[in-house]
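my_file.txt (compact mmCIF, C-alpha atoms)
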# COMPACT_ATOMS: atom_id res chain seq x y z
CA MET D 1 27.27 2.15 -13.81
CA GLN D 2 28.41 0.94 -17.24
CA LYS D 3 26.54 -2.35 -16.77
CA ALA D 4 23.28 -0.44 -16.14
CA LYS D 5 23.87 1.75 -19.18
CA ASP D 6 24.52 -1.33 -21.34
CA ILE D 7 21.28 -2.94 -20.15
CA ILE D 8 19.28 0.23 -20.87
CA ASP D 9 20.90 0.74 -24.27
CA HIS D 10 20.95 -2.84 -25.56
CA GLU D 11 18.31 -4.90 -23.75
CA ASP D 12 14.59 -4.90 -23.06
CA VAL D 13 14.68 -3.56 -19.49
CA LEU D 14 11.38 -5.18 -18.49
CA GLU D 15 12.59 -8.57 -19.77
CA TRP D 16 15.91 -8.10 -17.96
CA MET D 17 14.11 -7.29 -14.69
CA THR D 18 11.86 -10.32 -15.14
CA ASP D 19 14.92 -12.51 -15.73
CA GLN D 20 16.34 -11.25 -12.41
CA PHE D 21 13.01 -12.02 -10.73
CA GLN D 22 13.14 -15.58 -12.12
CA LEU D 23 16.38 -16.19 -10.22
CA ILE D 24 14.33 -15.96 -7.02
CA HIS D 25 10.77 -16.95 -7.99
CA ALA D 26 9.86 -19.69 -10.48
CA GLY D 27 7.09 -18.93 -12.98
CA ASP D 28 4.68 -15.99 -12.97
CA ARG D 29 6.68 -13.96 -15.54
CA GLU D 30 3.67 -12.05 -16.88
CA GLU D 31 2.39 -11.35 -13.37
CA ALA D 32 5.80 -9.96 -12.41
CA LYS D 33 5.73 -7.63 -15.41
CA VAL D 34 2.28 -6.37 -14.38
CA LEU D 35 3.62 -5.67 -10.88
CA TYR D 36 6.67 -3.81 -12.22
CA LEU D 37 4.48 -1.55 -14.33
CA SER D 38 2.06 -1.10 -11.44
CA GLY D 39 4.91 -0.16 -9.10
CA ILE D 40 6.20 2.40 -11.57
CA SER D 41 2.67 3.83 -11.84
CA ALA D 42 2.91 4.87 -8.19
CA CYS D 43 4.82 7.93 -9.43
CA SER D 44 2.18 8.82 -12.00
CA LYS D 45 0.22 11.96 -11.27
CA GLY D 46 -2.79 10.81 -13.21
CA TYR D 47 -3.39 7.10 -12.92
CA GLN D 48 -2.09 4.28 -10.76
CA ILE D 49 -2.44 0.60 -11.65
CA HIS D 50 -3.67 -1.20 -8.52
CA VAL D 51 -3.22 -4.97 -8.39
CA TYR D 52 -5.19 -7.59 -6.49
CA GLN D 53 -3.81 -11.12 -6.59
CA THR D 54 -6.00 -14.09 -5.74
CA GLY D 55 -5.12 -17.74 -5.49
CA GLY D 56 -5.10 -20.78 -3.29
CA SER D 57 -3.36 -20.91 0.05
CA GLY D 58 0.37 -21.62 -0.28
CA LYS D 59 0.44 -21.03 -4.06
CA GLY D 60 3.00 -18.20 -4.10
CA LYS D 61 0.89 -15.03 -3.99
CA SER D 62 2.88 -13.41 -1.21
CA HIS D 63 6.25 -14.62 -2.50
CA LEU D 64 5.52 -13.19 -5.94
CA MET D 65 4.60 -9.74 -4.61
CA GLU D 66 7.35 -9.66 -1.98
CA THR D 67 9.98 -10.61 -4.57
CA VAL D 68 8.90 -7.84 -6.96
CA ILE D 69 8.44 -5.15 -4.29
CA GLU D 70 12.02 -5.69 -3.10
CA LEU D 71 13.22 -4.17 -6.37
CA PHE D 72 11.63 -0.81 -5.50
CA PRO D 73 13.33 1.71 -3.17
CA ILE D 74 12.63 0.96 0.48
CA ASP D 75 11.28 4.47 1.06
CA LYS D 76 8.72 3.94 -1.72
CA ARG D 77 7.08 0.77 -0.40
CA VAL D 78 5.09 -0.18 2.67
CA SER D 79 4.19 -3.79 3.46
CA LEU D 80 1.35 -4.53 5.87
CA ALA D 81 0.09 -7.80 7.26
CA TYR D 82 -3.20 -6.18 8.31
CA LEU D 83 -5.06 -2.92 7.77
CA THR D 84 -7.83 -1.69 10.03
CA GLY D 85 -10.55 0.33 8.39
CA LYS D 86 -9.49 3.85 9.33
CA ALA D 87 -5.77 3.45 10.08
CA LEU D 88 -4.57 5.32 7.00
CA TYR D 89 -6.68 8.36 7.94
CA TYR D 90 -5.04 8.68 11.36
CA LEU D 91 -1.41 8.48 10.30
CA PRO D 92 0.72 11.47 11.28
CA ASP D 93 1.08 13.94 8.39
CA VAL D 94 4.79 13.21 8.01
CA LYS D 95 4.03 9.50 7.45
CA LYS D 96 1.24 10.33 4.99
CA LYS D 97 3.71 12.40 2.98
CA THR D 98 6.16 9.47 2.79
CA LEU D 99 3.40 7.22 1.45
CA GLU D 100 2.72 9.46 -1.53
CA ASN D 101 4.03 7.99 -4.79
CA SER D 102 4.59 4.69 -2.99
CA ILE D 103 3.36 1.12 -3.16
CA LEU D 104 1.09 -0.01 -0.31
CA TYR D 105 1.17 -3.81 -0.16
CA ILE D 106 -1.40 -5.58 2.04
CA ASP D 107 -0.81 -9.32 2.36
CA GLU D 108 -3.98 -11.39 2.85
CA PHE D 109 -6.37 -8.42 2.71
CA LEU D 110 -9.34 -8.94 5.02
CA ASP D 111 -12.45 -7.54 3.43
CA SER D 112 -14.08 -5.77 6.36
CA ASP D 113 -16.53 -3.09 5.28
CA ASP D 114 -14.38 -0.25 6.71
CA ALA D 115 -11.18 -1.57 5.12
CA ILE D 116 -12.91 -1.90 1.74
CA LYS D 117 -14.23 1.66 1.99
CA THR D 118 -10.76 2.98 2.84
CA ILE D 119 -9.09 1.11 -0.02
CA MET D 120 -11.83 2.30 -2.39
CA ALA D 121 -11.20 5.89 -1.27
CA ILE D 122 -7.43 5.79 -1.74
CA THR D 123 -7.70 4.00 -5.11
CA SER D 124 -10.18 6.51 -6.49
CA ASN D 125 -9.05 8.63 -9.43
CA ALA D 126 -10.61 11.71 -7.84
CA PRO D 127 -8.18 14.67 -7.74
CA THR D 128 -8.74 15.33 -4.01
CA LYS D 129 -7.45 13.25 -1.14
CA PRO D 130 -10.05 11.13 0.66
CA LYS D 131 -11.27 12.55 3.97
CA ASN D 132 -12.91 11.04 7.00
CA LEU D 133 -14.94 13.10 9.45
CA ALA D 134 -14.86 11.70 12.99
CA THR D 135 -16.00 12.80 16.41
CA GLU D 136 -13.44 12.99 19.19
CA LYS D 137 -13.24 14.44 22.67
CA ASP D 138 -11.34 17.70 22.99
CA LYS D 139 -9.04 18.49 25.95
CA LYS D 140 -12.05 19.49 28.06
CA GLY D 141 -13.90 16.28 27.31
CA HIS D 142 -16.35 17.83 24.87
CA MET D 143 -17.18 16.11 21.62
CA GLU D 144 -15.98 17.82 18.46
CA ALA D 145 -15.75 16.90 14.82
CA SER D 146 -12.31 16.44 13.32
CA GLU D 147 -11.26 15.88 9.74
CA HIS D 148 -8.63 13.31 8.80
CA CYS D 149 -7.17 12.81 5.32
CA ALA D 150 -5.79 9.59 3.93
CA PRO D 151 -2.58 9.62 1.90
CA GLY D 152 -3.10 10.30 -1.77
CA ASN D 153 -1.41 9.22 -4.99
CA MET D 154 -0.30 5.71 -4.07
CA THR D 155 -0.49 2.32 -5.72
CA VAL D 156 -2.16 -0.52 -3.81
CA TRP D 157 -1.28 -4.20 -4.05
CA CYS D 158 -3.33 -6.82 -2.19
CA THR D 159 -3.30 -10.59 -1.93
CA ALA D 160 -6.09 -12.87 -0.71
CA VAL D 161 -7.55 -16.25 -1.44
CA LEU D 162 -10.75 -14.58 -2.69
CA LEU D 163 -11.55 -11.21 -4.25
CA PRO D 164 -14.10 -9.14 -2.29
CA LYS D 165 -17.46 -9.32 -4.07
CA ARG D 166 -18.20 -5.57 -4.25
CA GLY D 167 -18.13 -4.51 -7.90
CA GLU D 168 -16.97 -0.96 -7.12
CA PHE D 169 -13.98 -2.45 -5.31
CA GLN D 170 -13.16 -4.95 -8.07
CA ASN D 171 -13.30 -2.23 -10.76
CA ARG D 172 -10.36 -0.41 -9.15
CA PHE D 173 -7.96 -3.36 -9.46
CA LEU D 174 -6.25 -5.38 -12.13
CA VAL D 175 -6.70 -8.95 -10.88
CA ILE D 176 -3.88 -11.45 -11.40
CA ASN D 177 -3.45 -15.06 -10.33
CA PRO D 178 -0.25 -16.98 -9.63
CA ASP D 179 0.49 -20.17 -11.51
CA GLU D 180 -1.14 -22.87 -9.37
CA SER D 181 -0.03 -25.81 -11.50
CA GLU D 182 1.86 -28.75 -10.06
CA GLU D 183 4.83 -27.70 -12.20
CA ALA D 184 5.01 -24.34 -10.40
CA ASP D 185 5.05 -26.06 -6.99
CA LYS D 186 8.22 -28.03 -7.79

Whole structure, structure tokens version:
Amino acid sequence: MQKAKDIIDHEDVLEWMTDQFQLIHAGDREEAKVLYLSGISACSKGYQIHVYQTGGSGKGKSHLMETVIELFPIDKRVSLAYLTGKALYYLPDVKKKTLENSILYIDEFLDSDDAIKTIMAITSNAPTKPKNLATEKDKKGHMEASEHCAPGNMTVWCTAVLLPKRGEFQNRFLVINPDESEEADK
């Protein structure tokens, strides 16, 4: 406990965290700082900093994000390899509650139209949670409308080789790129 107090009292905490990151991941210091601040923004009631990282295949995008996300509490981060368009809307309420004030990390985001719409909805600064109206069969086999809400107040991190081209999508993210130099690959 004294070591933590000394770091807080006598060091730049963000620099100290970035130094710890550098023990595991070479380069990308500024990108790591952006991710730390973004992760902390997950607890903000007003504004989250969402991050989309693009770069060539095998250039460290996933390693960078996975290294930084490990420094956040396990109950405040969710890592996904794939997200279908409406999956977040159909989560049980208890799971939605655990996602609030968390980081949702999607590695190699696939830009399907439904997935983009869902990510745009949950990264909106609107004060209400995004809703989806769907039709389902009731117990008697009759069609009825049902409302499903996505989790609110979360920070989204994505990686992909390319950024989806939709401007409304791009405007919701701070875009970063890993160091793709030969020096970084050593």

Nearest to D:Thr118 by atom-to-atom distance, counting only C-alpha atoms, from D:His63, D:Glu136, D:Leu83, D:Glu15: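 Checking each of D:His63, D:Glu136, D:Leu83, D:Glu15 against D:Thr118, counting only C-alpha atoms, the winner is D:Leu83.
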
Computed interatomic separation between atom CA of D:Val175 and atom CA of D:Leu35 (Å): 10.8 Å

Which neighbours of D:Gln53 fall inside 7 Å, counting only C-alpha atoms, when residues of the same chain fewer than 4 positions from it are skipped, and could you give them as a short mmCIF file (atom, residue, chain, number, x, y, z; two decimals) with C-alpha atoms, in the frame of the given file?
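Final output, saved to around10.cif:
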data_model
loop_
_atom_site.label_atom_id
_atom_site.label_comp_id
_atom_site.auth_asym_id
_atom_site.auth_seq_id
_atom_site.Cartn_x
_atom_site.Cartn_y
_atom_site.Cartn_z
CA LYS D 61 0.89 -15.03 -3.99
CA CYS D 158 -3.33 -6.82 -2.19
CA THR D 159 -3.30 -10.59 -1.93
CA ALA D 160 -6.09 -12.87 -0.71
CA VAL D 175 -6.70 -8.95 -10.88
CA ILE D 176 -3.88 -11.45 -11.40
CA ASN D 177 -3.45 -15.06 -10.33
#

Spatial neighbours of D:Glu144, 10 Å, all atoms listed in the file, chain gap at least 6 places, as a list in words: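 Near neighbours after the sequence-gap exclusion: Ala134, Thr135, Glu136, Lys137 and Asp138 of chain D.
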
For atom CA of D:Gln170 and atom CA of D:Ser57, the interatomic separation in Å (one decimal): 20.4 Å

Gap from atom CA of D:Val78 to atom CA of D:Glu30 - Å, one decimal: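 Going from atom CA of D:Val78 over to atom CA of D:Glu30 covers 22.9 Å.
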
Residue contacts of stretch 88-94 of chain D (10 Å, all atoms listed in the file) excluding same-chain residues fewer than 6 positions away, as a PyMOL selection string: chain D and resi 115+118-119+122+130-133+147-151

Contacts of D:Thr123 within 12 Å, all atoms listed in the file, excl. fewer than 4 positions in-chain, as a PyMOL selection string: chain D and resi 42+46-52+103-104+116-119+127-130+150-157+168-174

Exercise: D:Ile24 partners within 12 Å, only C-alpha atoms, chain neighbours under 2 positions left out, as a list of chain:residue names: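 Here the qualifying residues turn out to be D:Met17, D:Thr18, D:Asp19, D:Gln20, D:Phe21, D:Gln22, D:Ala26, D:Gly27, D:Asp28, D:Arg29, D:Ala32, D:Gly60, D:His63, D:Leu64, D:Met65, D:Glu66, D:Thr67, D:Val68, D:Glu70, D:Leu71.
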
Pick from D:His10, D:Arg166, D:Arg77, D:His142 nearest to D:Leu99, counting only C-alpha atoms: D:Arg77

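Of the residues under consideration (D:Thr84, D:Leu163, D:Trp16, D:Ala121), D:Trp16 shows the shortest atom-to-atom contact distance to D:Ala4 when counting all atoms listed in the file.
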
Among the residues D:Cys43, D:Ser62, D:Asp12, D:Met1, the one that comes closest to D:Pro178 [using all atoms listed in the file]: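 Looking only at the distances to D:Pro178, the closest residue turns out to be D:Ser62.
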
Residue among D:Ser102, D:Ser181, D:Thr54, D:Ser112 lying closest to D:Ile69, counting all atoms listed in the file: D:Ser102

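Candidate residues D:Glu11, D:Glu108, D:Asp114, D:Glu31 were compared for distance to D:Ala81, and the nearest is D:Glu108, using all atoms listed in the file.
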